[in-house]
Each structure stands twice: as structure tokens, then as C-alpha cells.
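target.pdb follows (PDB, C-alpha atoms):
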ATOM      1  CA  MET A 701      74.379 132.955 100.619
ATOM      2  CA  ALA A 702      75.880 129.611 101.527
ATOM      3  CA  GLU A 703      76.446 128.603 105.119
ATOM      4  CA  HIS A 704      79.402 130.291 106.830
ATOM      5  CA  ASP A 705      79.664 132.433 103.688
ATOM      6  CA  ALA A 706      81.438 129.615 101.889
ATOM      7  CA  VAL A 707      82.709 130.888  98.548
ATOM      8  CA  LYS A 708      83.116 127.456  96.984
ATOM      9  CA  THR A 709      82.285 123.791  97.463
ATOM     10  CA  TYR A 710      84.913 121.096  97.017
ATOM     11  CA  ASP A 711      83.376 117.688  96.418
ATOM     12  CA  TYR A 712      85.648 114.904  97.714
ATOM     13  CA  LYS A 713      82.859 112.329  97.993
ATOM     14  CA  GLY A 714      84.123 108.797  97.363
ATOM     15  CA  LEU A 715      87.793 109.674  97.837
ATOM     16  CA  ALA A 716      89.696 107.569 100.378
ATOM     17  CA  CYS A 717      92.652 108.368 102.629
ATOM     18  CA  PRO A 718      94.952 110.204 101.949
ATOM     19  CA  MET A 719      93.308 111.975  98.998
ATOM     20  CA  PRO A 720      90.854 114.271 100.864
ATOM     21  CA  VAL A 721      93.725 115.814 102.841
ATOM     22  CA  VAL A 722      95.979 115.889  99.761
ATOM     23  CA  ARG A 723      93.273 117.627  97.726
ATOM     24  CA  ILE A 724      92.400 120.256 100.347
ATOM     25  CA  SER A 725      96.080 121.101 100.784
ATOM     26  CA  GLN A 726      96.354 121.647  97.031
ATOM     27  CA  GLU A 727      93.066 123.527  96.677
ATOM     28  CA  ILE A 728      92.957 125.744  99.775
ATOM     29  CA  GLY A 729      95.229 128.142  97.875
ATOM     30  CA  LYS A 730      92.481 128.758  95.300
ATOM     31  CA  ILE A 731      90.469 130.883  97.749
ATOM     32  CA  ALA A 732      91.624 134.119  99.347
ATOM     33  CA  VAL A 733      92.977 134.320 102.901
ATOM     34  CA  GLY A 734      90.028 134.678 105.274
ATOM     35  CA  GLN A 735      87.532 133.034 102.925
ATOM     36  CA  VAL A 736      85.691 129.813 103.784
ATOM     37  CA  VAL A 737      85.277 126.753 101.585
ATOM     38  CA  GLU A 738      82.745 123.945 102.010
ATOM     39  CA  VAL A 739      84.222 120.441 101.724
ATOM     40  CA  LEU A 740      82.088 117.338 101.192
ATOM     41  CA  THR A 741      83.581 113.944 102.023
ATOM     42  CA  THR A 742      82.421 110.398 102.666
ATOM     43  CA  ASP A 743      85.688 109.274 104.281
ATOM     44  CA  PRO A 744      85.063 108.632 108.025
ATOM     45  CA  GLY A 745      88.809 109.023 108.666
ATOM     46  CA  ALA A 746      88.500 112.655 107.594
ATOM     47  CA  LEU A 747      86.684 113.388 110.873
ATOM     48  CA  SER A 748      89.988 113.222 112.708
ATOM     49  CA  ASP A 749      92.240 113.922 109.714
ATOM     50  CA  PHE A 750      90.870 117.356 108.819
ATOM     51  CA  PRO A 751      91.356 118.799 112.335
ATOM     52  CA  ALA A 752      94.881 117.281 112.407
ATOM     53  CA  TRP A 753      95.599 118.806 108.999
ATOM     54  CA  ALA A 754      94.269 122.186 110.107
ATOM     55  CA  LYS A 755      96.305 122.103 113.312
ATOM     56  CA  ASN A 756      99.493 121.475 111.335
ATOM     57  CA  THR A 757      98.887 123.868 108.448
ATOM     58  CA  GLY A 758      97.421 126.740 110.465
ATOM     59  CA  HIS A 759      94.035 126.779 108.726
ATOM     60  CA  GLU A 760      90.740 126.647 110.625
ATOM     61  CA  ILE A 761      87.881 124.147 110.661
ATOM     62  CA  VAL A 762      85.002 126.563 111.218
ATOM     63  CA  ASP A 763      82.295 123.919 111.413
ATOM     64  CA  THR A 764      81.752 120.184 110.954
ATOM     65  CA  LYS A 765      78.411 118.691 110.003
ATOM     66  CA  GLN A 766      77.581 115.020 109.895
ATOM     67  CA  THR A 767      74.650 113.377 108.189
ATOM     68  CA  PRO A 768      74.462 109.632 107.477
ATOM     69  CA  GLY A 769      77.123 108.884 104.872
ATOM     70  CA  LEU A 770      78.269 112.476 104.466
ATOM     71  CA  ILE A 771      80.643 114.735 106.372
ATOM     72  CA  THR A 772      80.759 118.452 105.608
ATOM     73  CA  PHE A 773      83.598 120.684 106.750
ATOM     74  CA  PHE A 774      83.773 124.435 106.529
ATOM     75  CA  VAL A 775      87.415 125.383 106.249
ATOM     76  CA  ARG A 776      88.801 128.900 106.542
ATOM     77  CA  ARG A 777      92.055 129.723 104.808
ATOM     78  CA  LYS A 778      94.152 131.514 107.399
ATOM     79  CA  LYS A 779      97.385 132.219 105.544
TER      80      LYS A 779
ATOM     81  CA  MET B 413     128.831 142.495 134.442
ATOM     82  CA  ALA B 414     125.857 143.290 132.186
ATOM     83  CA  ILE B 415     124.350 140.514 130.093
ATOM     84  CA  ASP B 416     123.363 141.299 126.525
ATOM     85  CA  VAL B 417     119.891 139.709 126.656
ATOM     86  CA  GLU B 418     119.175 140.044 122.948
ATOM     87  CA  LYS B 419     122.451 138.421 122.036
ATOM     88  CA  GLU B 420     121.813 135.568 124.467
ATOM     89  CA  ILE B 421     118.312 134.979 123.057
ATOM     90  CA  ALA B 422     119.663 134.930 119.502
ATOM     91  CA  ALA B 423     122.289 132.366 120.532
ATOM     92  CA  ILE B 424     119.656 130.147 122.207
ATOM     93  CA  LYS B 425     117.363 130.423 119.186
ATOM     94  CA  ALA B 426     120.208 129.368 116.883
ATOM     95  CA  GLN B 427     120.891 126.361 119.090
ATOM     96  CA  LEU B 428     117.228 125.353 119.177
ATOM     97  CA  GLY B 429     116.954 125.572 115.410
ATOM     98  CA  ASP B 430     119.969 123.327 115.006
ATOM     99  CA  ARG B 431     119.021 120.631 117.457
ATOM    100  CA  PRO B 432     118.258 117.187 116.000
ATOM    101  CA  GLY B 433     114.670 116.665 114.914
ATOM    102  CA  ALA B 434     113.761 120.343 115.070
ATOM    103  CA  LYS B 435     112.358 120.728 111.575
ATOM    104  CA  ASN B 436     108.815 120.065 110.400
ATOM    105  CA  LYS B 437     110.140 117.390 108.129
ATOM    106  CA  LEU B 438     109.725 113.669 107.450
ATOM    107  CA  SER B 439     112.518 111.377 106.274
ATOM    108  CA  MET B 440     111.675 107.828 105.291
ATOM    109  CA  ILE B 441     113.765 104.903 104.124
ATOM    110  CA  VAL B 442     111.832 102.894 101.528
ATOM    111  CA  PHE B 443     113.601  99.534 101.671
ATOM    112  CA  SER B 444     110.914  96.971 100.828
ATOM    113  CA  GLY B 445     109.872  95.969  97.353
ATOM    114  CA  GLU B 446     106.244  94.958  97.822
ATOM    115  CA  LEU B 447     103.079  96.683  96.647
ATOM    116  CA  ASP B 448     101.456  97.023 100.083
ATOM    117  CA  LYS B 449     104.550  98.569 101.613
ATOM    118  CA  HIS B 450     104.971 101.006  98.725
ATOM    119  CA  LEU B 451     101.319 102.018  99.098
ATOM    120  CA  ALA B 452     101.903 102.665 102.797
ATOM    121  CA  SER B 453     105.064 104.718 102.204
ATOM    122  CA  MET B 454     103.360 106.834  99.514
ATOM    123  CA  ILE B 455     100.208 107.407 101.594
ATOM    124  CA  ILE B 456     102.326 108.583 104.532
ATOM    125  CA  ALA B 457     104.519 110.731 102.265
ATOM    126  CA  THR B 458     101.631 112.493 100.492
ATOM    127  CA  GLY B 459      99.742 112.888 103.777
ATOM    128  CA  ALA B 460     102.770 114.474 105.434
ATOM    129  CA  ALA B 461     103.362 116.804 102.485
ATOM    130  CA  ALA B 462      99.689 117.817 102.627
ATOM    131  CA  MET B 463     100.195 118.631 106.333
ATOM    132  CA  GLY B 464     102.865 121.109 105.295
ATOM    133  CA  MET B 465     105.868 118.907 106.054
ATOM    134  CA  GLU B 466     108.983 118.746 103.936
ATOM    135  CA  VAL B 467     109.247 115.103 102.817
ATOM    136  CA  VAL B 468     112.302 113.100 101.764
ATOM    137  CA  LEU B 469     112.061 109.467 100.646
ATOM    138  CA  PHE B 470     115.262 107.439 100.383
ATOM    139  CA  TYR B 471     114.792 104.383  98.142
ATOM    140  CA  THR B 472     117.259 101.608  98.777
ATOM    141  CA  PHE B 473     117.632  97.865  98.074
ATOM    142  CA  TRP B 474     114.311  96.273  96.984
ATOM    143  CA  GLY B 475     112.591  99.628  97.109
ATOM    144  CA  THR B 476     114.480 100.992  94.087
ATOM    145  CA  ALA B 477     112.841  98.644  91.542
ATOM    146  CA  ALA B 478     109.536 100.478  92.082
ATOM    147  CA  LEU B 479     111.130 103.537  90.494
ATOM    148  CA  ARG B 480     111.902 101.777  87.214
ATOM    149  CA  ASP B 481     110.022 103.013  84.182
ATOM    150  CA  PRO B 482     108.661 100.024  82.206
ATOM    151  CA  LYS B 483     108.912 101.992  78.967
ATOM    152  CA  LYS B 484     112.587 102.760  79.388
ATOM    153  CA  GLY B 485     115.647 100.573  79.223
ATOM    154  CA  ALA B 486     119.364 101.012  79.628
ATOM    155  CA  LYS B 487     122.173  99.895  77.367
ATOM    156  CA  GLY B 488     125.583  98.541  78.224
ATOM    157  CA  LYS B 489     124.615  96.222  81.080
ATOM    158  CA  ASN B 490     126.618  93.145  81.953
ATOM    159  CA  LEU B 491     125.082  89.683  82.361
ATOM    160  CA  ILE B 492     124.444  89.957  86.105
ATOM    161  CA  SER B 493     122.856  93.387  85.768
ATOM    162  CA  LYS B 494     120.636  92.048  82.990
ATOM    163  CA  MET B 495     119.604  89.149  85.241
ATOM    164  CA  PHE B 496     118.711  91.538  88.052
ATOM    165  CA  GLY B 497     116.747  93.511  85.502
ATOM    166  CA  ILE B 498     114.711  90.457  84.600
ATOM    167  CA  MET B 499     114.228  89.221  88.171
ATOM    168  CA  LEU B 500     113.197  92.531  89.733
ATOM    169  CA  PRO B 501     109.770  94.102  89.156
ATOM    170  CA  ARG B 502     109.765  96.449  86.181
ATOM    171  CA  GLY B 503     108.260  99.443  87.909
ATOM    172  CA  ARG B 504     105.561 100.175  90.488
ATOM    173  CA  ASN B 505     102.748  98.491  88.566
ATOM    174  CA  LYS B 506     104.527  95.148  88.642
ATOM    175  CA  LEU B 507     104.822  94.977  92.430
ATOM    176  CA  ILE B 508     103.146  92.171  94.350
ATOM    177  CA  LEU B 509     101.662  91.938  97.836
ATOM    178  CA  SER B 510     103.931  90.877 100.708
ATOM    179  CA  ASN B 511     101.108  88.642 101.908
ATOM    180  CA  MET B 512      98.293  86.751 100.163
ATOM    181  CA  HIS B 513      99.789  87.212  96.689
ATOM    182  CA  MET B 514      98.510  83.695  95.849
ATOM    183  CA  LEU B 515     100.279  83.382  92.481
ATOM    184  CA  GLY B 516      98.880  86.719  91.416
ATOM    185  CA  ALA B 517      95.226  86.150  92.298
ATOM    186  CA  GLY B 518      95.508  87.952  95.628
ATOM    187  CA  THR B 519      97.339  90.954  94.200
ATOM    188  CA  ALA B 520      94.860  91.234  91.325
ATOM    189  CA  MET B 521      91.955  91.009  93.768
ATOM    190  CA  MET B 522      93.465  93.704  95.978
ATOM    191  CA  LYS B 523      93.970  96.020  93.002
ATOM    192  CA  GLY B 524      90.382  95.419  91.885
ATOM    193  CA  LEU B 525      89.092  96.085  95.381
ATOM    194  CA  MET B 526      91.085  99.315  95.601
ATOM    195  CA  LYS B 527      89.614 100.497  92.321
ATOM    196  CA  LYS B 528      86.101  99.615  93.483
ATOM    197  CA  LYS B 529      86.546 101.468  96.766
ATOM    198  CA  ASN B 530      88.176 104.403  94.971
ATOM    199  CA  ILE B 531      91.430 104.066  96.912
ATOM    200  CA  ALA B 532      94.318 105.829  95.217
ATOM    201  CA  GLY B 533      96.814 103.507  93.533
ATOM    202  CA  LEU B 534     100.549 104.056  93.156
ATOM    203  CA  ASP B 535     100.195 105.994  89.866
ATOM    204  CA  GLN B 536      97.875 108.520  91.475
ATOM    205  CA  LEU B 537      99.969 108.712  94.659
ATOM    206  CA  PHE B 538     103.246 109.287  92.784
ATOM    207  CA  GLU B 539     101.542 112.042  90.786
ATOM    208  CA  ALA B 540     100.248 113.690  93.977
ATOM    209  CA  ALA B 541     103.670 113.317  95.627
ATOM    210  CA  GLY B 542     105.328 115.044  92.680
ATOM    211  CA  MET B 543     102.881 117.942  92.820
ATOM    212  CA  LEU B 544     103.286 118.278  96.598
ATOM    213  CA  GLY B 545     107.068 118.500  96.292
ATOM    214  CA  VAL B 546     107.942 115.157  97.896
ATOM    215  CA  LYS B 547     111.660 114.540  97.236
ATOM    216  CA  ILE B 548     112.787 111.108  96.074
ATOM    217  CA  TYR B 549     116.378 110.093  96.640
ATOM    218  CA  ILE B 550     117.716 106.856  95.189
ATOM    219  CA  CYS B 551     120.563 105.074  96.911
ATOM    220  CA  GLN B 552     123.549 105.137  94.563
ATOM    221  CA  MET B 553     124.975 101.911  95.962
ATOM    222  CA  SER B 554     121.716  99.961  95.500
ATOM    223  CA  MET B 555     121.473 101.052  91.888
ATOM    224  CA  ASP B 556     125.074 100.097  91.316
ATOM    225  CA  LEU B 557     124.659  96.736  93.000
ATOM    226  CA  MET B 558     121.607  95.780  90.976
ATOM    227  CA  GLY B 559     122.935  97.336  87.801
ATOM    228  CA  MET B 560     120.168  99.916  87.457
ATOM    229  CA  LYS B 561     120.808 103.136  85.611
ATOM    230  CA  MET B 562     119.302 106.570  86.016
ATOM    231  CA  GLU B 563     118.073 106.554  82.403
ATOM    232  CA  GLU B 564     115.662 103.692  83.141
ATOM    233  CA  MET B 565     114.047 105.444  86.112
ATOM    234  CA  ILE B 566     110.672 107.211  86.107
ATOM    235  CA  ASP B 567     110.197 110.851  85.182
ATOM    236  CA  TYR B 568     109.611 112.532  88.514
ATOM    237  CA  PRO B 569     110.064 116.215  89.352
ATOM    238  CA  ASN B 570     112.297 115.734  92.422
ATOM    239  CA  LEU B 571     114.460 112.702  91.737
ATOM    240  CA  GLU B 572     118.120 112.472  92.683
ATOM    241  CA  VAL B 573     120.746 109.797  93.164
ATOM    242  CA  VAL B 574     122.551 110.233  96.476
ATOM    243  CA  GLY B 575     124.528 108.414  99.159
ATOM    244  CA  VAL B 576     123.651 107.603 102.740
ATOM    245  CA  ALA B 577     125.232 110.764 104.160
ATOM    246  CA  THR B 578     122.805 112.953 102.217
ATOM    247  CA  PHE B 579     119.877 111.010 103.608
ATOM    248  CA  LEU B 580     121.244 111.165 107.166
ATOM    249  CA  ASP B 581     121.742 114.895 106.848
ATOM    250  CA  HIS B 582     117.981 115.178 106.204
ATOM    251  CA  ALA B 583     116.998 112.522 108.750
ATOM    252  CA  LYS B 584     118.922 114.209 111.534
ATOM    253  CA  GLU B 585     116.910 117.403 111.362
ATOM    254  CA  SER B 586     113.562 115.674 110.681
ATOM    255  CA  SER B 587     110.959 115.475 113.420
ATOM    256  CA  VAL B 588     109.656 112.207 111.928
ATOM    257  CA  GLN B 589     111.884 109.395 110.691
ATOM    258  CA  LEU B 590     110.506 106.139 109.332
ATOM    259  CA  PHE B 591     111.689 102.898 107.778
ATOM    260  CA  LEU B 592     109.487 100.811 105.561
TER     261      LEU B 592
END
Show this structure as C-alpha cells.
Amino acid sequence: MAEHDAVKTYDYKGLACPMPVVRISQEIGKIAVGQVVEVLTTDPGALSDFPAWAKNTGHEIVDTKQTPGLITFFVRRKK
Amino acid sequence: MAIDVEKEIAAIKAQLGDRPGAKNKLSMIVFSGELDKHLASMIIATGAAAMGMEVVLFYTFWGTAALRDPKKGAKGKNLISKMFGIMLPRGRNKLILSNMHMLGAGTAMMKGLMKKKNIAGLDQLFEAAGMLGVKIYICQMSMDLMGMKMEEMIDYPNLEVVGVATFLDHAKESSVQLFL
């Protein structure tokens, strides 16, 4: 089982602002309410953008992991 | 005298909902005609739509030329309209930088750099905007003035020709209003 029971992984590596936020807003609807998706991104701006997006859309950033050159978010669809 | 609390609350709620800037909505005037400014307006628009905001873009003056479709034309134009047609950029891919254009070298370099760094260009941003439901309004007067016709504009899911009052109606209730 993947971390945080993530049902899917969305790979946004290499995408620059605003595409990671645009893509997650389009693709969060593909999982069921309550499920968690793993999002991979290399955009440093996403570190502040994903929490801002979650705050405004009502979804939840369950966890954020950072390794050199890679940021991983676990996002829960809340509605 | 007894106060009907529920009625009072409903009245206050109605007032709050109607107050200026109450809606989770962004209204932007896209006035400029340069590539960098159009990139900025589209990045903000798609970002806002992704954040769950209702987004309205009002294209006026030099901004409108970015909405021309290079594959389309319009018949029945007079001489001045034809001249405007030749002088103004034929669509979003013909726009130039507001700074460091350098006879085309700067703009070409910027476009190459964007591709290399995988930064979304206007084609990709317009596509995303369309899918996210971003509304595009074109200023009727600007089109008239420059002799542009609706039939030479891009195919876009939410495209309408309107006047300033329509834009202001949206701007008034928007929590974010911008001019670019």
C-alpha cells in the first residue's frame, strides 16, 4: 500500500507555474471524496501554491515531502 | 415589540451577499497587446480558475488583437479597417515582448527559453482557460474601432462581445479586480 493510502500518483515533474495547480484542480475530481492522491512536482513555487490552492478549494494537503529536486504532496479530496 | 430574529438574519445575509466584492470571483481588464502581459494575464486567470474562482477577462484596445485567429479572415472591411488588420498582430502567436524585443531576437529567445524550461505558452494557457471555464469578453467598441469582426476571432468555449456595463456588473461583485 502506498503512503497515506494514496490511490493514484499524478506526475507533474517539469511543469512550471501555473500548470501544477491547474492540473490538480482538473484531476482531483478523478478520485473519490475522501481518497488521497500523491502528486510529484519539481516546481519550488508549488510549496506555497498547493497549500494556497487547498485553502481556497477546501481540499486537504495531508503531507508534504521534500527531497533535493522533488516535492511530493499527498492531497485528500474533501468534496 | 418582538423582533423576528430569523427574518432579520435573512435580511442581513441578503445584504452581505449583495455587497460589492463579495463573490469569489476575479475580473480582469486585458488592455495591453504584448506577449509578456498576455502571458501574465493568462497565468493569473488559469491560476484563479484552478483555485475555484469564477473568472472574467475583458479584452479591450490592444488586448483584442491577441484573440484574432490567424486562419480566419473577415470580408467587407473598409480601407482603415484593413490597415488596422495589417498593423495589428494576427493572433496570440504573433505578439512581441514589451521589453527586449530586439527586432524579434529577444522575443524568439524568450519563446525558446520558455519551451526549454517547460513553461506553458499562450496556446496551452488558452486551452487550459477554456477547460476551466474562464470567460472571455471582448469590448464591442474596441472591435468596432479597429474594424475587427467576430468571425475572425478564435474558437473559444466562453467568448462573447459585450460593452463596459457588462464588465462592470461582474467587476463590482468580484473580490479581485485587475488591469493589465
Sorted by chain and rising residue number, which residues of chain B lie within 7 Å of chain A, and what are their closest atom pairs and distances in Å to one decimal, counting all atoms listed in the file, as JSON lines?
{"residue": "B:Ile455", "atom": "CA", "partner": "A:Pro718", "partner_atom": "CA", "distance": 6.0}
{"residue": "B:Thr458", "atom": "CA", "partner": "A:Val722", "partner_atom": "CA", "distance": 6.6}
{"residue": "B:Gly459", "atom": "CA", "partner": "A:Pro718", "partner_atom": "CA", "distance": 5.8}
{"residue": "B:Ala462", "atom": "CA", "partner": "A:Val722", "partner_atom": "CA", "distance": 5.1}
{"residue": "B:Met463", "atom": "CA", "partner": "A:Trp753", "partner_atom": "CA", "distance": 5.3}
{"residue": "B:Gly464", "atom": "CA", "partner": "A:Thr757", "partner_atom": "CA", "distance": 5.8}
{"residue": "B:Asn530", "atom": "CA", "partner": "A:Leu715", "partner_atom": "CA", "distance": 6.0}
{"residue": "B:Ile531", "atom": "CA", "partner": "A:Ala716", "partner_atom": "CA", "distance": 5.2}
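Near Lys483 of chain B, within 10 Å and counting all atoms listed in the file, sit Arg480, Asp481, Gly485, Arg502, Gly503, Glu564, Met565 and Ile566 of chain B; same-chain residues fewer than 2 positions away were not included.
For segment 486-489 of chain B, the non-local neighbours within 9 Å, defined as residues at least 6 positions apart in the same chain or in other chains and counting only C-alpha atoms, are Gly559, Met560, Lys561, Met562, Glu563 and Glu564 of chain B.
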Please determine an axis-aligned box that encloses all atoms of segment 757-769 of chain A listed in the file, with 8 Å added on each side, and express its centre and edge lengths in Å to one decimal as JSON.
{"center_x": 86.7, "center_y": 117.8, "center_z": 108.1, "size_x": 40.4, "size_y": 33.9, "size_z": 22.5}
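Of the listed residues B:Gln427, B:Leu590, B:Leu534, B:Met558, the one whose atoms come nearest to Met495 of chain B is B:Met558, with distances taken using only C-alpha atoms.
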Env of Glu760 of chain A: 7 Å cut, atoms = all atoms listed in the file, seq-sep filter 3 positions within chain, self excluded. Answer as an mmCIF file with C-alpha atoms, in the frame of the given file.
data_model
loop_
_atom_site.group_PDB
_atom_site.id
_atom_site.type_symbol
_atom_site.label_atom_id
_atom_site.label_comp_id
_atom_site.auth_asym_id
_atom_site.auth_seq_id
_atom_site.Cartn_x
_atom_site.Cartn_y
_atom_site.Cartn_z
ATOM 1 C CA ALA A 754 94.269 122.186 110.107
ATOM 2 C CA VAL A 775 87.415 125.383 106.249
ATOM 3 C CA ARG A 776 88.801 128.900 106.542
ATOM 4 C CA ARG A 777 92.055 129.723 104.808
ATOM 5 C CA LYS A 778 94.152 131.514 107.399
#
What separates atom CA of Lys425 of chain B and atom CA of Ala457 of chain B is a distance of 29.0 Å
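Take atom CA of Phe443 of chain B and atom CA of Gly475 of chain B: the distance between them is 4.7 Å.
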Given the file shown, determine the residues that the PyMOL selection byres ((chain B and resi 556) around 12) selects; report them as a PyMOL selection string. chain B and resi 472-473+476+489-490+492-493+496+550-555+557-562+573-575
Subject >> Residues in the PyMOL selection byres ((chain B and resi 452) around 12), expressed as a PyMOL selection string >> reply: (chain A and resi 717-718) or (chain B and resi 440+442+444-451+453-459+509+532-534+537+590-592)
Shell of 8 Å around Thr772 of chain A, only C-alpha atoms, local chain residues under 3 positions omitted, as a tab-separated table (two decimals) with C-alpha atoms, keeping the file's coordinate frame:
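That gives us part-v8.tsv:
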chain	number	residue	atom	x	y	z
A	738	GLU	CA	82.74	123.94	102.01
A	739	VAL	CA	84.22	120.44	101.72
A	740	LEU	CA	82.09	117.34	101.19
A	741	THR	CA	83.58	113.94	102.02
A	764	THR	CA	81.75	120.18	110.95
A	765	LYS	CA	78.41	118.69	110.00
A	766	GLN	CA	77.58	115.02	109.90
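Residue nearest Val546 of chain B within the list B:Leu571, B:Met499, B:Ala478, B:Leu507: B:Leu571 [criterion: smallest interatomic distance, all atoms listed in the file].
With atom CA of Ala460 of chain B on one side and atom CA of Leu747 of chain A on the other, the separation reads 17.0 Å.
Residue neighbourhood of Lys437 of chain B, excluding near-sequence residues (fewer than 2 positions): B:Gly433, B:Ala434, B:Lys435, B:Ser439, B:Ala460, B:Ala461, B:Gly464, B:Met465, B:Glu466, B:Val467, B:Val468, B:His582, B:Ala583, B:Lys584, B:Glu585, B:Ser586, B:Ser587, B:Val588, B:Gln589, at 10 Å, using all atoms listed in the file.
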